[in-house]
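Next up, structure.txt (compact mmCIF, N, CA and C atoms):
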# COMPACT_ATOMS: atom_id res chain seq x y z
N MET A 99 5.55 5.17 68.30
CA MET A 99 4.53 4.68 67.38
C MET A 99 5.13 4.35 66.01
N LEU A 100 5.97 5.26 65.49
CA LEU A 100 6.59 5.03 64.20
C LEU A 100 7.51 3.81 64.24
N ASP A 101 8.19 3.62 65.36
CA ASP A 101 9.07 2.46 65.50
C ASP A 101 8.27 1.16 65.46
N ARG A 102 7.10 1.17 66.11
CA ARG A 102 6.26 -0.02 66.10
C ARG A 102 5.77 -0.33 64.70
N LEU A 103 5.43 0.71 63.93
CA LEU A 103 4.98 0.49 62.55
C LEU A 103 6.12 -0.07 61.70
N LYS A 104 7.32 0.44 61.92
CA LYS A 104 8.47 -0.07 61.16
C LYS A 104 8.76 -1.53 61.52
N LEU A 105 8.64 -1.87 62.80
CA LEU A 105 8.82 -3.27 63.21
C LEU A 105 7.75 -4.17 62.61
N TRP A 106 6.51 -3.69 62.61
CA TRP A 106 5.40 -4.46 62.05
C TRP A 106 5.63 -4.70 60.56
N ARG A 107 6.06 -3.64 59.83
CA ARG A 107 6.31 -3.77 58.40
C ARG A 107 7.50 -4.69 58.14
N ALA A 108 8.51 -4.61 58.97
CA ALA A 108 9.67 -5.49 58.82
C ALA A 108 9.28 -6.95 59.03
N GLY A 109 8.35 -7.19 59.96
CA GLY A 109 7.85 -8.55 60.18
C GLY A 109 7.11 -9.08 58.97
N ILE A 110 6.36 -8.23 58.33
CA ILE A 110 5.66 -8.64 57.11
C ILE A 110 6.67 -8.93 56.00
N ALA A 111 7.70 -8.11 55.90
CA ALA A 111 8.71 -8.27 54.84
C ALA A 111 9.46 -9.59 54.96
N LEU A 112 9.51 -10.16 56.16
CA LEU A 112 10.21 -11.43 56.36
C LEU A 112 9.46 -12.61 55.75
N ARG A 113 8.19 -12.45 55.49
CA ARG A 113 7.37 -13.52 54.93
C ARG A 113 7.03 -13.15 53.48
N PRO A 114 7.66 -13.79 52.52
CA PRO A 114 7.51 -13.39 51.11
C PRO A 114 6.06 -13.38 50.61
N SER A 115 5.28 -14.40 50.93
CA SER A 115 3.91 -14.43 50.43
C SER A 115 3.06 -13.35 51.10
N LEU A 116 3.24 -13.13 52.39
CA LEU A 116 2.51 -12.07 53.09
C LEU A 116 2.95 -10.70 52.58
N ASN A 117 4.25 -10.56 52.30
CA ASN A 117 4.76 -9.30 51.77
C ASN A 117 4.13 -9.00 50.41
N LEU A 118 4.01 -10.01 49.56
CA LEU A 118 3.40 -9.83 48.24
C LEU A 118 1.93 -9.40 48.38
N VAL A 119 1.20 -10.05 49.26
CA VAL A 119 -0.21 -9.70 49.49
C VAL A 119 -0.30 -8.27 50.01
N TYR A 120 0.55 -7.93 50.94
CA TYR A 120 0.55 -6.57 51.50
C TYR A 120 0.79 -5.53 50.41
N ARG A 121 1.79 -5.78 49.55
CA ARG A 121 2.10 -4.83 48.48
C ARG A 121 0.96 -4.73 47.48
N ILE A 122 0.29 -5.83 47.20
CA ILE A 122 -0.86 -5.80 46.30
C ILE A 122 -1.99 -4.99 46.90
N VAL A 123 -2.26 -5.18 48.19
CA VAL A 123 -3.31 -4.41 48.87
C VAL A 123 -2.97 -2.91 48.85
N VAL A 124 -1.72 -2.58 49.13
CA VAL A 124 -1.30 -1.17 49.08
C VAL A 124 -1.46 -0.62 47.67
N ALA A 125 -1.08 -1.40 46.65
CA ALA A 125 -1.19 -0.95 45.26
C ALA A 125 -2.65 -0.71 44.88
N VAL A 126 -3.53 -1.62 45.24
CA VAL A 126 -4.95 -1.47 44.90
C VAL A 126 -5.56 -0.28 45.64
N ALA A 127 -5.30 -0.18 46.93
CA ALA A 127 -5.86 0.93 47.72
C ALA A 127 -5.31 2.27 47.23
N GLY A 128 -4.01 2.36 47.01
CA GLY A 128 -3.40 3.61 46.55
C GLY A 128 -3.90 4.01 45.18
N THR A 129 -4.05 3.04 44.28
CA THR A 129 -4.55 3.33 42.94
C THR A 129 -5.99 3.80 42.98
N ALA A 130 -6.81 3.18 43.83
CA ALA A 130 -8.22 3.60 43.96
C ALA A 130 -8.32 5.03 44.48
N VAL A 131 -7.55 5.35 45.50
CA VAL A 131 -7.57 6.71 46.06
C VAL A 131 -7.04 7.70 45.03
N LEU A 132 -5.98 7.34 44.34
CA LEU A 132 -5.41 8.21 43.31
C LEU A 132 -6.42 8.47 42.19
N ALA A 133 -7.10 7.42 41.73
CA ALA A 133 -8.10 7.59 40.66
C ALA A 133 -9.24 8.49 41.12
N LEU A 134 -9.70 8.31 42.34
CA LEU A 134 -10.75 9.17 42.88
C LEU A 134 -10.28 10.62 42.93
N GLY A 135 -9.05 10.83 43.33
CA GLY A 135 -8.50 12.18 43.37
C GLY A 135 -8.39 12.82 42.00
N ILE A 136 -7.98 12.04 41.01
CA ILE A 136 -7.86 12.57 39.65
C ILE A 136 -9.24 12.99 39.13
N VAL A 137 -10.25 12.20 39.42
CA VAL A 137 -11.61 12.55 39.00
C VAL A 137 -12.06 13.82 39.72
N ALA A 138 -11.66 14.01 40.96
CA ALA A 138 -12.11 15.15 41.77
C ALA A 138 -11.33 16.44 41.53
N ILE A 139 -10.24 16.39 40.79
CA ILE A 139 -9.40 17.59 40.60
C ILE A 139 -10.18 18.79 40.07
N PRO A 140 -10.99 18.65 39.02
CA PRO A 140 -11.60 19.87 38.48
C PRO A 140 -12.73 20.45 39.32
N TYR A 141 -13.10 19.78 40.39
CA TYR A 141 -14.23 20.23 41.20
C TYR A 141 -13.75 20.95 42.45
N PRO A 142 -14.58 21.84 42.97
CA PRO A 142 -14.20 22.48 44.24
C PRO A 142 -14.07 21.41 45.33
N GLY A 143 -13.09 21.56 46.14
CA GLY A 143 -12.89 20.59 47.21
C GLY A 143 -11.50 20.02 47.20
N PRO A 144 -11.33 18.90 47.86
CA PRO A 144 -9.98 18.38 48.11
C PRO A 144 -9.43 17.45 47.04
N GLY A 145 -9.66 17.73 45.76
CA GLY A 145 -9.18 16.83 44.70
C GLY A 145 -7.69 16.58 44.75
N TRP A 146 -6.90 17.66 44.84
CA TRP A 146 -5.45 17.48 44.87
C TRP A 146 -5.00 16.82 46.16
N LEU A 147 -5.69 17.09 47.26
CA LEU A 147 -5.35 16.43 48.51
C LEU A 147 -5.54 14.92 48.39
N ILE A 148 -6.61 14.51 47.72
CA ILE A 148 -6.87 13.09 47.52
C ILE A 148 -5.80 12.48 46.60
N VAL A 149 -5.39 13.22 45.57
CA VAL A 149 -4.32 12.73 44.69
C VAL A 149 -3.04 12.52 45.50
N PHE A 150 -2.69 13.51 46.33
CA PHE A 150 -1.48 13.38 47.14
C PHE A 150 -1.60 12.22 48.14
N ALA A 151 -2.79 12.01 48.68
CA ALA A 151 -2.99 10.89 49.59
C ALA A 151 -2.80 9.56 48.87
N GLY A 152 -3.36 9.44 47.67
CA GLY A 152 -3.20 8.21 46.89
C GLY A 152 -1.74 7.95 46.55
N LEU A 153 -1.05 9.00 46.11
CA LEU A 153 0.38 8.85 45.82
C LEU A 153 1.17 8.54 47.09
N GLY A 154 0.76 9.12 48.21
CA GLY A 154 1.43 8.82 49.48
C GLY A 154 1.27 7.36 49.88
N ILE A 155 0.08 6.83 49.66
CA ILE A 155 -0.15 5.41 49.95
C ILE A 155 0.76 4.55 49.07
N LEU A 156 0.79 4.87 47.78
CA LEU A 156 1.65 4.11 46.87
C LEU A 156 3.13 4.30 47.21
N ALA A 157 3.51 5.53 47.60
CA ALA A 157 4.91 5.82 47.91
C ALA A 157 5.39 5.09 49.16
N SER A 158 4.46 4.64 49.99
CA SER A 158 4.88 3.90 51.18
C SER A 158 5.51 2.56 50.82
N GLU A 159 5.25 2.08 49.60
CA GLU A 159 5.80 0.79 49.18
C GLU A 159 6.61 0.82 47.88
N PHE A 160 6.38 1.84 47.05
CA PHE A 160 6.98 1.83 45.72
C PHE A 160 7.83 3.08 45.50
N THR A 161 9.07 2.87 45.09
CA THR A 161 10.01 3.97 44.87
C THR A 161 9.54 4.87 43.73
N TRP A 162 9.00 4.28 42.66
CA TRP A 162 8.53 5.08 41.52
C TRP A 162 7.44 6.05 41.96
N ALA A 163 6.59 5.63 42.89
CA ALA A 163 5.51 6.50 43.37
C ALA A 163 6.08 7.64 44.21
N ARG A 164 7.15 7.36 44.95
CA ARG A 164 7.81 8.41 45.73
C ARG A 164 8.35 9.51 44.81
N ARG A 165 8.96 9.09 43.70
CA ARG A 165 9.49 10.07 42.74
C ARG A 165 8.35 10.88 42.11
N ILE A 166 7.27 10.21 41.73
CA ILE A 166 6.13 10.90 41.13
C ILE A 166 5.50 11.86 42.13
N LEU A 167 5.33 11.42 43.37
CA LEU A 167 4.76 12.28 44.41
C LEU A 167 5.58 13.55 44.56
N HIS A 168 6.89 13.41 44.61
CA HIS A 168 7.76 14.59 44.75
C HIS A 168 7.61 15.52 43.54
N ALA A 169 7.61 14.95 42.34
CA ALA A 169 7.49 15.76 41.12
C ALA A 169 6.14 16.47 41.05
N VAL A 170 5.07 15.77 41.37
CA VAL A 170 3.73 16.36 41.31
C VAL A 170 3.59 17.46 42.36
N ARG A 171 4.08 17.22 43.57
CA ARG A 171 3.99 18.26 44.61
C ARG A 171 4.78 19.50 44.22
N THR A 172 5.95 19.30 43.63
CA THR A 172 6.77 20.43 43.20
C THR A 172 6.05 21.25 42.13
N ARG A 173 5.50 20.58 41.14
CA ARG A 173 4.78 21.29 40.08
C ARG A 173 3.52 21.96 40.59
N TYR A 174 2.80 21.29 41.49
CA TYR A 174 1.59 21.88 42.08
C TYR A 174 1.93 23.16 42.85
N ASP A 175 2.96 23.08 43.68
CA ASP A 175 3.37 24.26 44.46
C ASP A 175 3.80 25.40 43.53
N ARG A 176 4.53 25.06 42.47
CA ARG A 176 4.96 26.07 41.52
C ARG A 176 3.76 26.72 40.82
N PHE A 177 2.79 25.90 40.40
CA PHE A 177 1.61 26.43 39.72
C PHE A 177 0.80 27.31 40.66
N MET A 178 0.59 26.87 41.90
CA MET A 178 -0.21 27.66 42.84
C MET A 178 0.47 28.99 43.17
N ALA A 179 1.81 28.99 43.26
CA ALA A 179 2.53 30.24 43.48
C ALA A 179 2.34 31.18 42.29
N TRP A 180 2.42 30.63 41.07
CA TRP A 180 2.20 31.44 39.88
C TRP A 180 0.77 31.96 39.83
N PHE A 181 -0.19 31.07 40.08
CA PHE A 181 -1.62 31.44 39.99
C PHE A 181 -1.98 32.52 41.00
N SER A 182 -1.43 32.44 42.19
CA SER A 182 -1.77 33.43 43.22
C SER A 182 -1.21 34.81 42.89
N LYS A 183 -0.21 34.89 42.01
CA LYS A 183 0.37 36.18 41.63
C LYS A 183 -0.34 36.79 40.41
N GLN A 184 -1.28 36.07 39.83
CA GLN A 184 -1.94 36.55 38.62
C GLN A 184 -2.99 37.60 38.94
N SER A 185 -3.40 38.32 37.91
CA SER A 185 -4.42 39.36 38.08
C SER A 185 -5.77 38.73 38.39
N TRP A 186 -6.68 39.57 38.80
CA TRP A 186 -8.02 39.08 39.13
C TRP A 186 -8.71 38.50 37.90
N VAL A 187 -8.32 38.95 36.70
CA VAL A 187 -8.91 38.42 35.47
C VAL A 187 -8.56 36.95 35.29
N VAL A 188 -7.30 36.61 35.47
CA VAL A 188 -6.86 35.22 35.31
C VAL A 188 -7.46 34.35 36.41
N ARG A 189 -7.44 34.84 37.65
CA ARG A 189 -8.02 34.06 38.75
C ARG A 189 -9.53 33.91 38.56
N GLY A 190 -10.18 34.97 38.07
CA GLY A 190 -11.61 34.89 37.80
C GLY A 190 -11.92 33.90 36.69
N ALA A 191 -11.07 33.88 35.65
CA ALA A 191 -11.26 32.91 34.57
C ALA A 191 -11.11 31.48 35.10
N GLY A 192 -10.18 31.29 36.02
CA GLY A 192 -10.02 29.97 36.65
C GLY A 192 -11.26 29.57 37.43
N ALA A 193 -11.83 30.54 38.16
CA ALA A 193 -13.05 30.26 38.93
C ALA A 193 -14.22 29.98 37.99
N LEU A 194 -14.33 30.75 36.91
CA LEU A 194 -15.41 30.51 35.94
C LEU A 194 -15.26 29.15 35.26
N GLY A 195 -14.03 28.79 34.94
CA GLY A 195 -13.78 27.48 34.34
C GLY A 195 -14.17 26.35 35.27
N THR A 196 -13.82 26.49 36.54
CA THR A 196 -14.19 25.49 37.53
C THR A 196 -15.70 25.40 37.66
N GLY A 197 -16.35 26.57 37.71
CA GLY A 197 -17.82 26.59 37.79
C GLY A 197 -18.47 25.93 36.58
N ALA A 198 -17.91 26.17 35.40
CA ALA A 198 -18.44 25.56 34.17
C ALA A 198 -18.32 24.04 34.21
N VAL A 199 -17.18 23.54 34.68
CA VAL A 199 -16.98 22.09 34.78
C VAL A 199 -18.00 21.48 35.73
N VAL A 200 -18.23 22.14 36.86
CA VAL A 200 -19.20 21.64 37.84
C VAL A 200 -20.61 21.63 37.24
N LEU A 201 -21.00 22.73 36.59
CA LEU A 201 -22.35 22.80 36.02
C LEU A 201 -22.57 21.77 34.92
N VAL A 202 -21.59 21.60 34.04
CA VAL A 202 -21.72 20.61 32.97
C VAL A 202 -21.83 19.21 33.56
N THR A 203 -21.03 18.93 34.57
CA THR A 203 -21.09 17.61 35.21
C THR A 203 -22.46 17.38 35.85
N LEU A 204 -22.97 18.38 36.57
CA LEU A 204 -24.29 18.23 37.19
C LEU A 204 -25.37 18.01 36.13
N TRP A 205 -25.26 18.71 35.00
CA TRP A 205 -26.22 18.54 33.92
C TRP A 205 -26.12 17.14 33.32
N LEU A 206 -24.88 16.68 33.05
CA LEU A 206 -24.69 15.35 32.47
C LEU A 206 -25.19 14.24 33.40
N LEU A 207 -25.06 14.44 34.69
CA LEU A 207 -25.51 13.44 35.65
C LEU A 207 -27.02 13.50 35.90
N GLY A 208 -27.69 14.48 35.31
CA GLY A 208 -29.15 14.57 35.45
C GLY A 208 -29.61 15.25 36.71
N THR A 209 -28.73 15.95 37.39
CA THR A 209 -29.09 16.59 38.65
C THR A 209 -30.11 17.70 38.45
N PHE A 210 -29.97 18.49 37.38
CA PHE A 210 -30.92 19.58 37.14
C PHE A 210 -32.32 19.04 36.90
N GLY A 211 -32.43 17.97 36.10
CA GLY A 211 -33.74 17.37 35.85
C GLY A 211 -34.36 16.81 37.11
N LEU A 212 -33.55 16.19 37.95
CA LEU A 212 -34.04 15.62 39.20
C LEU A 212 -34.56 16.69 40.14
N VAL A 213 -33.73 17.69 40.40
CA VAL A 213 -34.11 18.77 41.32
C VAL A 213 -35.23 19.61 40.72
N GLY A 214 -35.18 19.84 39.41
CA GLY A 214 -36.26 20.58 38.75
C GLY A 214 -37.59 19.86 38.87
N GLY A 215 -37.57 18.54 38.77
CA GLY A 215 -38.79 17.75 38.94
C GLY A 215 -39.38 17.91 40.33
N TRP A 216 -38.53 18.01 41.34
CA TRP A 216 -39.02 18.21 42.71
C TRP A 216 -39.73 19.55 42.84
N ALA A 217 -39.25 20.55 42.09
CA ALA A 217 -39.81 21.90 42.18
C ALA A 217 -40.91 22.12 41.15
N GLY A 218 -41.23 21.10 40.36
CA GLY A 218 -42.26 21.24 39.35
C GLY A 218 -41.79 21.91 38.08
N LEU A 219 -40.49 22.05 37.91
CA LEU A 219 -39.91 22.64 36.71
C LEU A 219 -39.42 21.52 35.81
N GLU A 220 -40.08 21.33 34.69
CA GLU A 220 -39.69 20.24 33.80
C GLU A 220 -39.45 20.79 32.40
N TYR A 221 -38.22 21.23 32.17
CA TYR A 221 -37.81 21.73 30.87
C TYR A 221 -36.92 20.70 30.21
N SER A 222 -37.00 20.60 28.90
CA SER A 222 -36.23 19.57 28.20
C SER A 222 -34.72 19.79 28.33
N TRP A 223 -34.27 21.04 28.41
CA TRP A 223 -32.83 21.31 28.51
C TRP A 223 -32.25 20.85 29.84
N MET A 224 -33.12 20.63 30.84
CA MET A 224 -32.64 20.21 32.15
C MET A 224 -32.31 18.72 32.18
N GLU A 225 -32.81 17.97 31.23
CA GLU A 225 -32.58 16.53 31.20
C GLU A 225 -31.19 16.22 30.67
N SER A 226 -30.59 15.22 31.22
CA SER A 226 -29.25 14.80 30.79
C SER A 226 -29.31 14.22 29.38
N PRO A 227 -28.32 14.51 28.56
CA PRO A 227 -28.29 13.90 27.22
C PRO A 227 -27.82 12.44 27.25
N LEU A 228 -27.37 11.98 28.38
CA LEU A 228 -26.86 10.60 28.48
C LEU A 228 -27.95 9.60 28.67
Will you turn the file into structure tokens for me?
Amino acid sequence: MLDRLKLWRAGIALRPSLNLVYRIVVAVAGTAVLALGIVAIPYPGPGWLIVFAGLGILASEFTWARRILHAVRTRYDRFMAWFSKQSWVVRGAGALGTGAVVLVTLWLLGTFGLVGGWAGLEYSWMESPL
């Protein structure tokens, strides 16, 4: 399977205009996935996985992205190793910080006002300031 993909990519590389289009499509798709991952980092879920996927897409065509992917993965692994060795106070502060980011985002997006309206709770503080 990998050999067929390499042959297919080599066939594209032989045609300069098709190769340029392919690289542009990879750049746009990789950048979109990377941007989505960066936005998702502070929230519970696969934010870093999405970042690594976006960088992986870009790294399939661009050497600079390969270097960045390696550097980011190394730093992420180092941070997670450090974080897992910390006391429950530090880990708890990380969890509280994550929870605060999620709650502020939900408030800014108007989620509390929307859900509160469904339940008949209409307080001014629940409305988004935006």
Q: Could you give me, as JSON, numbers by chain, each residue of chain A that DSSP assigns to helix (DSSP H, G or I) when run on this structure's backbone?
A: {"A": [100, 101, 102, 103, 104, 105, 106, 107, 108, 109, 110, 111, 114, 115, 116, 117, 118, 119, 120, 121, 122, 123, 124, 125, 126, 127, 128, 129, 130, 131, 132, 133, 134, 135, 136, 137, 138, 145, 146, 147, 148, 149, 150, 151, 152, 153, 154, 155, 156, 157, 161, 162, 163, 164, 165, 166, 167, 168, 169, 170, 171, 172, 173, 174, 175, 176, 177, 178, 179, 180, 181, 182, 186, 187, 188, 189, 190, 191, 192, 193, 194, 195, 196, 197, 198, 199, 200, 201, 202, 203, 204, 205, 206, 209, 210, 211, 212, 213, 214, 215, 216, 222, 223, 224]}
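The two atoms in question, CA of Ala138 (chain A) and CA of Glu225 (chain A), are spaced 23.1 Å apart.
Each of A:Gly195, A:Val187, A:Ser226, A:Gly128 was compared to Thr209 (chain A) using all atoms listed in the file, and A:Ser226 turns out to be the nearest.
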(Q) If I take CA of Ala198 (chain A) and CA of Ala169 (chain A), how far is one from the other in Å, to one decimal? (A)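 That distance, rounded to one decimal, is 28.6 Å.
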Q: May I ask for the distance between CA of Val131 (chain A) and atom N of Trp146 (chain A), given in Å to one decimal place?
A: 11.0 Å
Q: Could you check which of A:Ala217, A:Ile148, A:Met178, A:Leu156 is closest to Val126 (chain A), using all atoms listed in the file?
A: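 Once distances to Val126 (chain A) are computed over all atoms listed in the file, the minimum belongs to A:Leu156.
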Output as a PDB file, in the frame of the given file: region 133-154 of chain A, completed with N, CA, C and O atoms.
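Ended up saving to out-v7.pdb:
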ATOM      1  N   ALA A 133      -7.100   7.420  41.730  1.00  0.00           N
ATOM      2  CA  ALA A 133      -8.100   7.590  40.660  1.00  0.00           C
ATOM      3  C   ALA A 133      -9.240   8.490  41.120  1.00  0.00           C
ATOM      4  O   ALA A 133      -9.691   9.366  40.374  1.00  0.00           O
ATOM      5  N   LEU A 134      -9.700   8.310  42.340  1.00  0.00           N
ATOM      6  CA  LEU A 134     -10.750   9.170  42.880  1.00  0.00           C
ATOM      7  C   LEU A 134     -10.280  10.620  42.930  1.00  0.00           C
ATOM      8  O   LEU A 134     -11.035  11.537  42.578  1.00  0.00           O
ATOM      9  N   GLY A 135      -9.050  10.830  43.330  1.00  0.00           N
ATOM     10  CA  GLY A 135      -8.500  12.180  43.370  1.00  0.00           C
ATOM     11  C   GLY A 135      -8.390  12.820  42.000  1.00  0.00           C
ATOM     12  O   GLY A 135      -8.707  13.998  41.826  1.00  0.00           O
ATOM     13  N   ILE A 136      -7.980  12.040  41.010  1.00  0.00           N
ATOM     14  CA  ILE A 136      -7.860  12.570  39.650  1.00  0.00           C
ATOM     15  C   ILE A 136      -9.240  12.990  39.130  1.00  0.00           C
ATOM     16  O   ILE A 136      -9.376  14.042  38.501  1.00  0.00           O
ATOM     17  N   VAL A 137     -10.250  12.200  39.420  1.00  0.00           N
ATOM     18  CA  VAL A 137     -11.610  12.550  39.000  1.00  0.00           C
ATOM     19  C   VAL A 137     -12.060  13.820  39.720  1.00  0.00           C
ATOM     20  O   VAL A 137     -12.768  14.655  39.140  1.00  0.00           O
ATOM     21  N   ALA A 138     -11.660  14.010  40.960  1.00  0.00           N
ATOM     22  CA  ALA A 138     -12.110  15.150  41.770  1.00  0.00           C
ATOM     23  C   ALA A 138     -11.330  16.440  41.530  1.00  0.00           C
ATOM     24  O   ALA A 138     -11.755  17.493  42.000  1.00  0.00           O
ATOM     25  N   ILE A 139     -10.240  16.390  40.790  1.00  0.00           N
ATOM     26  CA  ILE A 139      -9.400  17.590  40.600  1.00  0.00           C
ATOM     27  C   ILE A 139     -10.180  18.790  40.070  1.00  0.00           C
ATOM     28  O   ILE A 139     -10.054  19.881  40.614  1.00  0.00           O
ATOM     29  N   PRO A 140     -10.990  18.650  39.020  1.00  0.00           N
ATOM     30  CA  PRO A 140     -11.600  19.870  38.480  1.00  0.00           C
ATOM     31  C   PRO A 140     -12.730  20.450  39.320  1.00  0.00           C
ATOM     32  O   PRO A 140     -13.256  21.509  39.006  1.00  0.00           O
ATOM     33  N   TYR A 141     -13.100  19.780  40.390  1.00  0.00           N
ATOM     34  CA  TYR A 141     -14.230  20.230  41.200  1.00  0.00           C
ATOM     35  C   TYR A 141     -13.750  20.950  42.450  1.00  0.00           C
ATOM     36  O   TYR A 141     -12.660  20.674  42.952  1.00  0.00           O
ATOM     37  N   PRO A 142     -14.580  21.840  42.970  1.00  0.00           N
ATOM     38  CA  PRO A 142     -14.200  22.480  44.240  1.00  0.00           C
ATOM     39  C   PRO A 142     -14.070  21.410  45.330  1.00  0.00           C
ATOM     40  O   PRO A 142     -14.860  20.479  45.379  1.00  0.00           O
ATOM     41  N   GLY A 143     -13.090  21.560  46.140  1.00  0.00           N
ATOM     42  CA  GLY A 143     -12.890  20.590  47.210  1.00  0.00           C
ATOM     43  C   GLY A 143     -11.500  20.020  47.200  1.00  0.00           C
ATOM     44  O   GLY A 143     -10.594  20.551  46.554  1.00  0.00           O
ATOM     45  N   PRO A 144     -11.330  18.900  47.860  1.00  0.00           N
ATOM     46  CA  PRO A 144      -9.980  18.380  48.110  1.00  0.00           C
ATOM     47  C   PRO A 144      -9.430  17.450  47.040  1.00  0.00           C
ATOM     48  O   PRO A 144      -8.771  16.469  47.354  1.00  0.00           O
ATOM     49  N   GLY A 145      -9.660  17.730  45.760  1.00  0.00           N
ATOM     50  CA  GLY A 145      -9.180  16.830  44.700  1.00  0.00           C
ATOM     51  C   GLY A 145      -7.690  16.580  44.750  1.00  0.00           C
ATOM     52  O   GLY A 145      -7.223  15.444  44.725  1.00  0.00           O
ATOM     53  N   TRP A 146      -6.900  17.660  44.840  1.00  0.00           N
ATOM     54  CA  TRP A 146      -5.450  17.480  44.870  1.00  0.00           C
ATOM     55  C   TRP A 146      -5.000  16.820  46.160  1.00  0.00           C
ATOM     56  O   TRP A 146      -4.040  16.031  46.154  1.00  0.00           O
ATOM     57  N   LEU A 147      -5.690  17.090  47.260  1.00  0.00           N
ATOM     58  CA  LEU A 147      -5.350  16.430  48.510  1.00  0.00           C
ATOM     59  C   LEU A 147      -5.540  14.920  48.390  1.00  0.00           C
ATOM     60  O   LEU A 147      -4.721  14.126  48.876  1.00  0.00           O
ATOM     61  N   ILE A 148      -6.610  14.510  47.720  1.00  0.00           N
ATOM     62  CA  ILE A 148      -6.870  13.090  47.520  1.00  0.00           C
ATOM     63  C   ILE A 148      -5.800  12.480  46.600  1.00  0.00           C
ATOM     64  O   ILE A 148      -5.344  11.358  46.833  1.00  0.00           O
ATOM     65  N   VAL A 149      -5.390  13.220  45.570  1.00  0.00           N
ATOM     66  CA  VAL A 149      -4.320  12.730  44.690  1.00  0.00           C
ATOM     67  C   VAL A 149      -3.040  12.520  45.500  1.00  0.00           C
ATOM     68  O   VAL A 149      -2.387  11.479  45.395  1.00  0.00           O
ATOM     69  N   PHE A 150      -2.690  13.510  46.330  1.00  0.00           N
ATOM     70  CA  PHE A 150      -1.480  13.380  47.140  1.00  0.00           C
ATOM     71  C   PHE A 150      -1.600  12.220  48.140  1.00  0.00           C
ATOM     72  O   PHE A 150      -0.623  11.532  48.409  1.00  0.00           O
ATOM     73  N   ALA A 151      -2.790  12.010  48.680  1.00  0.00           N
ATOM     74  CA  ALA A 151      -2.990  10.890  49.590  1.00  0.00           C
ATOM     75  C   ALA A 151      -2.800   9.560  48.870  1.00  0.00           C
ATOM     76  O   ALA A 151      -2.137   8.643  49.384  1.00  0.00           O
ATOM     77  N   GLY A 152      -3.360   9.440  47.670  1.00  0.00           N
ATOM     78  CA  GLY A 152      -3.200   8.210  46.890  1.00  0.00           C
ATOM     79  C   GLY A 152      -1.740   7.950  46.550  1.00  0.00           C
ATOM     80  O   GLY A 152      -1.244   6.824  46.671  1.00  0.00           O
ATOM     81  N   LEU A 153      -1.050   9.000  46.110  1.00  0.00           N
ATOM     82  CA  LEU A 153       0.380   8.850  45.820  1.00  0.00           C
ATOM     83  C   LEU A 153       1.170   8.540  47.090  1.00  0.00           C
ATOM     84  O   LEU A 153       2.141   7.780  47.045  1.00  0.00           O
ATOM     85  N   GLY A 154       0.760   9.120  48.210  1.00  0.00           N
ATOM     86  CA  GLY A 154       1.430   8.820  49.480  1.00  0.00           C
ATOM     87  C   GLY A 154       1.270   7.360  49.880  1.00  0.00           C
ATOM     88  O   GLY A 154       2.211   6.733  50.370  1.00  0.00           O
TER      89      GLY A 154
END
